[in-house]
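A.B. asks: As input, take work-v5.pdb (PDB, C-alpha atoms, pLDDT in the B column):
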```
ATOM      1  CA  MET A   1      63.342 143.988 132.970  1.00 62.00           C
ATOM      2  CA  SER A   2      63.308 142.383 136.351  1.00 69.00           C
ATOM      3  CA  LYS A   3      60.195 141.980 138.439  1.00 75.00           C
ATOM      4  CA  LYS A   4      61.490 144.584 140.895  1.00 72.00           C
ATOM      5  CA  VAL A   5      61.742 147.233 138.167  1.00 75.00           C
ATOM      6  CA  ILE A   6      58.287 146.397 136.827  1.00 80.00           C
ATOM      7  CA  SER A   7      56.873 146.567 140.353  1.00 84.00           C
ATOM      8  CA  PHE A   8      58.402 149.990 141.072  1.00 79.00           C
ATOM      9  CA  PHE A   9      57.329 151.274 137.665  1.00 86.00           C
ATOM     10  CA  SER A  10      53.755 150.010 138.021  1.00 89.00           C
ATOM     11  CA  PHE A  11      53.303 151.360 141.544  1.00 89.00           C
ATOM     12  CA  GLY A  12      54.768 154.717 140.547  1.00 89.00           C
ATOM     13  CA  PHE A  13      52.469 154.904 137.534  1.00 92.00           C
ATOM     14  CA  VAL A  14      49.414 154.178 139.690  1.00 93.00           C
ATOM     15  CA  LEU A  15      50.447 156.869 142.180  1.00 93.00           C
ATOM     16  CA  ILE A  16      50.907 159.404 139.390  1.00 93.00           C
ATOM     17  CA  ILE A  17      47.436 158.625 138.008  1.00 95.00           C
ATOM     18  CA  VAL A  18      45.849 158.905 141.467  1.00 94.00           C
ATOM     19  CA  GLY A  19      47.749 162.136 142.132  1.00 94.00           C
ATOM     20  CA  ALA A  20      46.605 163.622 138.812  1.00 94.00           C
ATOM     21  CA  ILE A  21      42.992 162.741 139.617  1.00 95.00           C
ATOM     22  CA  GLY A  22      43.513 164.244 143.065  1.00 95.00           C
ATOM     23  CA  LYS A  23      44.807 167.469 141.506  1.00 94.00           C
ATOM     24  CA  ILE A  24      41.663 167.691 139.378  1.00 94.00           C
ATOM     25  CA  LEU A  25      39.489 167.074 142.442  1.00 94.00           C
ATOM     26  CA  GLU A  26      41.641 169.494 144.502  1.00 91.00           C
ATOM     27  CA  TRP A  27      42.719 167.038 147.194  1.00 91.00           C
ATOM     28  CA  GLU A  28      45.139 168.453 149.740  1.00 93.00           C
ATOM     29  CA  GLN A  29      47.599 165.538 149.485  1.00 94.00           C
ATOM     30  CA  ALA A  30      47.582 165.236 145.686  1.00 93.00           C
ATOM     31  CA  THR A  31      51.017 166.839 145.335  1.00 94.00           C
ATOM     32  CA  VAL A  32      52.524 164.409 147.836  1.00 95.00           C
ATOM     33  CA  ILE A  33      51.005 161.466 145.972  1.00 94.00           C
ATOM     34  CA  LEU A  34      52.355 162.779 142.648  1.00 95.00           C
ATOM     35  CA  ALA A  35      55.814 163.306 144.123  1.00 95.00           C
ATOM     36  CA  THR A  36      55.844 159.810 145.616  1.00 94.00           C
ATOM     37  CA  GLY A  37      54.894 158.376 142.236  1.00 93.00           C
ATOM     38  CA  LEU A  38      57.741 160.272 140.592  1.00 94.00           C
ATOM     39  CA  VAL A  39      60.164 158.961 143.219  1.00 93.00           C
ATOM     40  CA  PHE A  40      59.115 155.376 142.472  1.00 91.00           C
ATOM     41  CA  GLU A  41      59.519 156.014 138.737  1.00 92.00           C
ATOM     42  CA  THR A  42      63.001 157.431 139.364  1.00 92.00           C
ATOM     43  CA  ILE A  43      63.953 154.412 141.472  1.00 89.00           C
ATOM     44  CA  ALA A  44      62.795 152.099 138.667  1.00 88.00           C
ATOM     45  CA  ILE A  45      64.917 154.009 136.135  1.00 90.00           C
ATOM     46  CA  ILE A  46      67.968 153.921 138.407  1.00 91.00           C
ATOM     47  CA  ILE A  47      67.620 150.168 139.021  1.00 87.00           C
ATOM     48  CA  LEU A  48      67.213 149.545 135.283  1.00 86.00           C
ATOM     49  CA  ALA A  49      70.220 151.712 134.406  1.00 88.00           C
ATOM     50  CA  TRP A  50      72.351 150.143 137.148  1.00 88.00           C
ATOM     51  CA  GLY A  51      71.584 146.684 135.802  1.00 84.00           C
ATOM     52  CA  LYS A  52      72.496 147.732 132.255  1.00 84.00           C
ATOM     53  CA  ILE A  53      75.768 149.329 133.435  1.00 86.00           C
ATOM     54  CA  ASN A  54      76.787 146.249 135.442  1.00 83.00           C
ATOM     55  CA  LYS A  55      76.111 143.914 132.499  1.00 78.00           C
ATOM     56  CA  ASN A  56      78.427 145.931 130.246  1.00 61.00           C
ATOM     57  CA  GLU A  57      81.431 145.639 132.578  1.00 52.00           C
TER
END
```
Take the structure I supplied and represent it as structure tokens, if you would.
C.D. replies:
Amino acid sequence: MSKKVISFFSFGFVLIIVGAIGKILEWEQATVILATGLVFETIAIIILAWGKINKNE
């Protein structure tokens, strides 16, 4: 995995954890934080998959 993928994955994971804690504590912006974390996780998966697809060609 490249450093970019690890960075996106790590940041997304942190946002998901903070969003989950926010949901428990009933923060108003917890859903936005969770969604942003999921977006970063999705970007990391897309970058990883794109790199695997390009190596196979």
A.B. asks: Name the residues within 12 Å of (50.1, 166.3, 147.7), counting all atoms listed in the file in the file's coordinates, and put them as a PDB file with C-alpha atoms, keeping the file's coordinate frame.
C.D. replies:
```
ATOM      1  CA  LEU A  15      50.447 156.869 142.180  1.00 93.00           C
ATOM      2  CA  ILE A  16      50.907 159.404 139.390  1.00 93.00           C
ATOM      3  CA  VAL A  18      45.849 158.905 141.467  1.00 94.00           C
ATOM      4  CA  GLY A  19      47.749 162.136 142.132  1.00 94.00           C
ATOM      5  CA  ALA A  20      46.605 163.622 138.812  1.00 94.00           C
ATOM      6  CA  ILE A  21      42.992 162.741 139.617  1.00 95.00           C
ATOM      7  CA  GLY A  22      43.513 164.244 143.065  1.00 95.00           C
ATOM      8  CA  LYS A  23      44.807 167.469 141.506  1.00 94.00           C
ATOM      9  CA  ILE A  24      41.663 167.691 139.378  1.00 94.00           C
ATOM     10  CA  LEU A  25      39.489 167.074 142.442  1.00 94.00           C
ATOM     11  CA  GLU A  26      41.641 169.494 144.502  1.00 91.00           C
ATOM     12  CA  TRP A  27      42.719 167.038 147.194  1.00 91.00           C
ATOM     13  CA  GLU A  28      45.139 168.453 149.740  1.00 93.00           C
ATOM     14  CA  GLN A  29      47.599 165.538 149.485  1.00 94.00           C
ATOM     15  CA  ALA A  30      47.582 165.236 145.686  1.00 93.00           C
ATOM     16  CA  THR A  31      51.017 166.839 145.335  1.00 94.00           C
ATOM     17  CA  VAL A  32      52.524 164.409 147.836  1.00 95.00           C
ATOM     18  CA  ILE A  33      51.005 161.466 145.972  1.00 94.00           C
ATOM     19  CA  LEU A  34      52.355 162.779 142.648  1.00 95.00           C
ATOM     20  CA  ALA A  35      55.814 163.306 144.123  1.00 95.00           C
ATOM     21  CA  THR A  36      55.844 159.810 145.616  1.00 94.00           C
ATOM     22  CA  GLY A  37      54.894 158.376 142.236  1.00 93.00           C
TER      23      GLY A  37
END
```
A.B. asks: Between atom CA of Phe9 of chain A and atom CA of Glu41 of chain A, what is the spacing in Å?
C.D. replies: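 Value for the atom CA of Glu41 of chain A-atom CA of Phe9 of chain A distance: 5.3 Å.
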A.B. asks: When the PyMOL selection byres ((chain A and resi 45-48) around 10) is applied to the structure above, which residues does it catch, written out as a list in words?
C.D. replies: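 When the PyMOL selection byres ((chain A and resi 45-48) around 10) is applied to the shown file, the picked residues are Met1, Ser2, Lys4, Val5, Ile6, Phe8, Phe9, Val39, Phe40, Glu41, Thr42, Ile43, Ala44, Ala49, Trp50, Gly51, Lys52 and Ile53 of chain A.
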A.B. asks: Mind filling out segment 22-36 of chain A with N, CA and C atoms and sending it as an mmCIF file, keeping the file's coordinate frame?
C.D. replies:
```cif
data_model
loop_
_atom_site.group_PDB
_atom_site.id
_atom_site.type_symbol
_atom_site.label_atom_id
_atom_site.label_comp_id
_atom_site.auth_asym_id
_atom_site.auth_seq_id
_atom_site.Cartn_x
_atom_site.Cartn_y
_atom_site.Cartn_z
ATOM 1 N N GLY A 22 43.621 163.434 141.850
ATOM 2 C CA GLY A 22 43.513 164.244 143.065
ATOM 3 C C GLY A 22 43.703 165.728 142.799
ATOM 4 N N LYS A 23 44.617 166.062 141.878
ATOM 5 C CA LYS A 23 44.807 167.469 141.506
ATOM 6 C C LYS A 23 43.542 168.033 140.877
ATOM 7 N N ILE A 24 42.900 167.240 140.024
ATOM 8 C CA ILE A 24 41.663 167.691 139.378
ATOM 9 C C ILE A 24 40.570 167.898 140.422
ATOM 10 N N LEU A 25 40.519 166.984 141.396
ATOM 11 C CA LEU A 25 39.489 167.074 142.442
ATOM 12 C C LEU A 25 39.918 167.963 143.615
ATOM 13 N N GLU A 26 41.100 168.563 143.507
ATOM 14 C CA GLU A 26 41.641 169.494 144.502
ATOM 15 C C GLU A 26 41.811 168.868 145.887
ATOM 16 N N TRP A 27 42.374 167.664 145.928
ATOM 17 C CA TRP A 27 42.719 167.038 147.194
ATOM 18 C C TRP A 27 43.934 167.736 147.773
ATOM 19 N N GLU A 28 44.011 167.787 149.093
ATOM 20 C CA GLU A 28 45.139 168.453 149.740
ATOM 21 C C GLU A 28 46.448 167.684 149.566
ATOM 22 N N GLN A 29 46.396 166.369 149.544
ATOM 23 C CA GLN A 29 47.599 165.538 149.485
ATOM 24 C C GLN A 29 47.955 165.096 148.066
ATOM 25 N N ALA A 30 47.335 165.666 147.063
ATOM 26 C CA ALA A 30 47.582 165.236 145.686
ATOM 27 C C ALA A 30 49.032 165.457 145.269
ATOM 28 N N THR A 31 49.625 166.554 145.697
ATOM 29 C CA THR A 31 51.017 166.839 145.335
ATOM 30 C C THR A 31 51.963 165.815 145.950
ATOM 31 N N VAL A 32 51.688 165.411 147.173
ATOM 32 C CA VAL A 32 52.524 164.409 147.836
ATOM 33 C C VAL A 32 52.408 163.073 147.110
ATOM 34 N N ILE A 33 51.209 162.724 146.693
ATOM 35 C CA ILE A 33 51.005 161.466 145.972
ATOM 36 C C ILE A 33 51.734 161.500 144.630
ATOM 37 N N LEU A 34 51.646 162.629 143.918
ATOM 38 C CA LEU A 34 52.355 162.779 142.648
ATOM 39 C C LEU A 34 53.861 162.666 142.848
ATOM 40 N N ALA A 35 54.372 163.338 143.861
ATOM 41 C CA ALA A 35 55.814 163.306 144.123
ATOM 42 C C ALA A 35 56.280 161.901 144.481
ATOM 43 N N THR A 36 55.492 161.180 145.264
ATOM 44 C CA THR A 36 55.844 159.810 145.616
ATOM 45 C C THR A 36 55.863 158.922 144.379
#
```
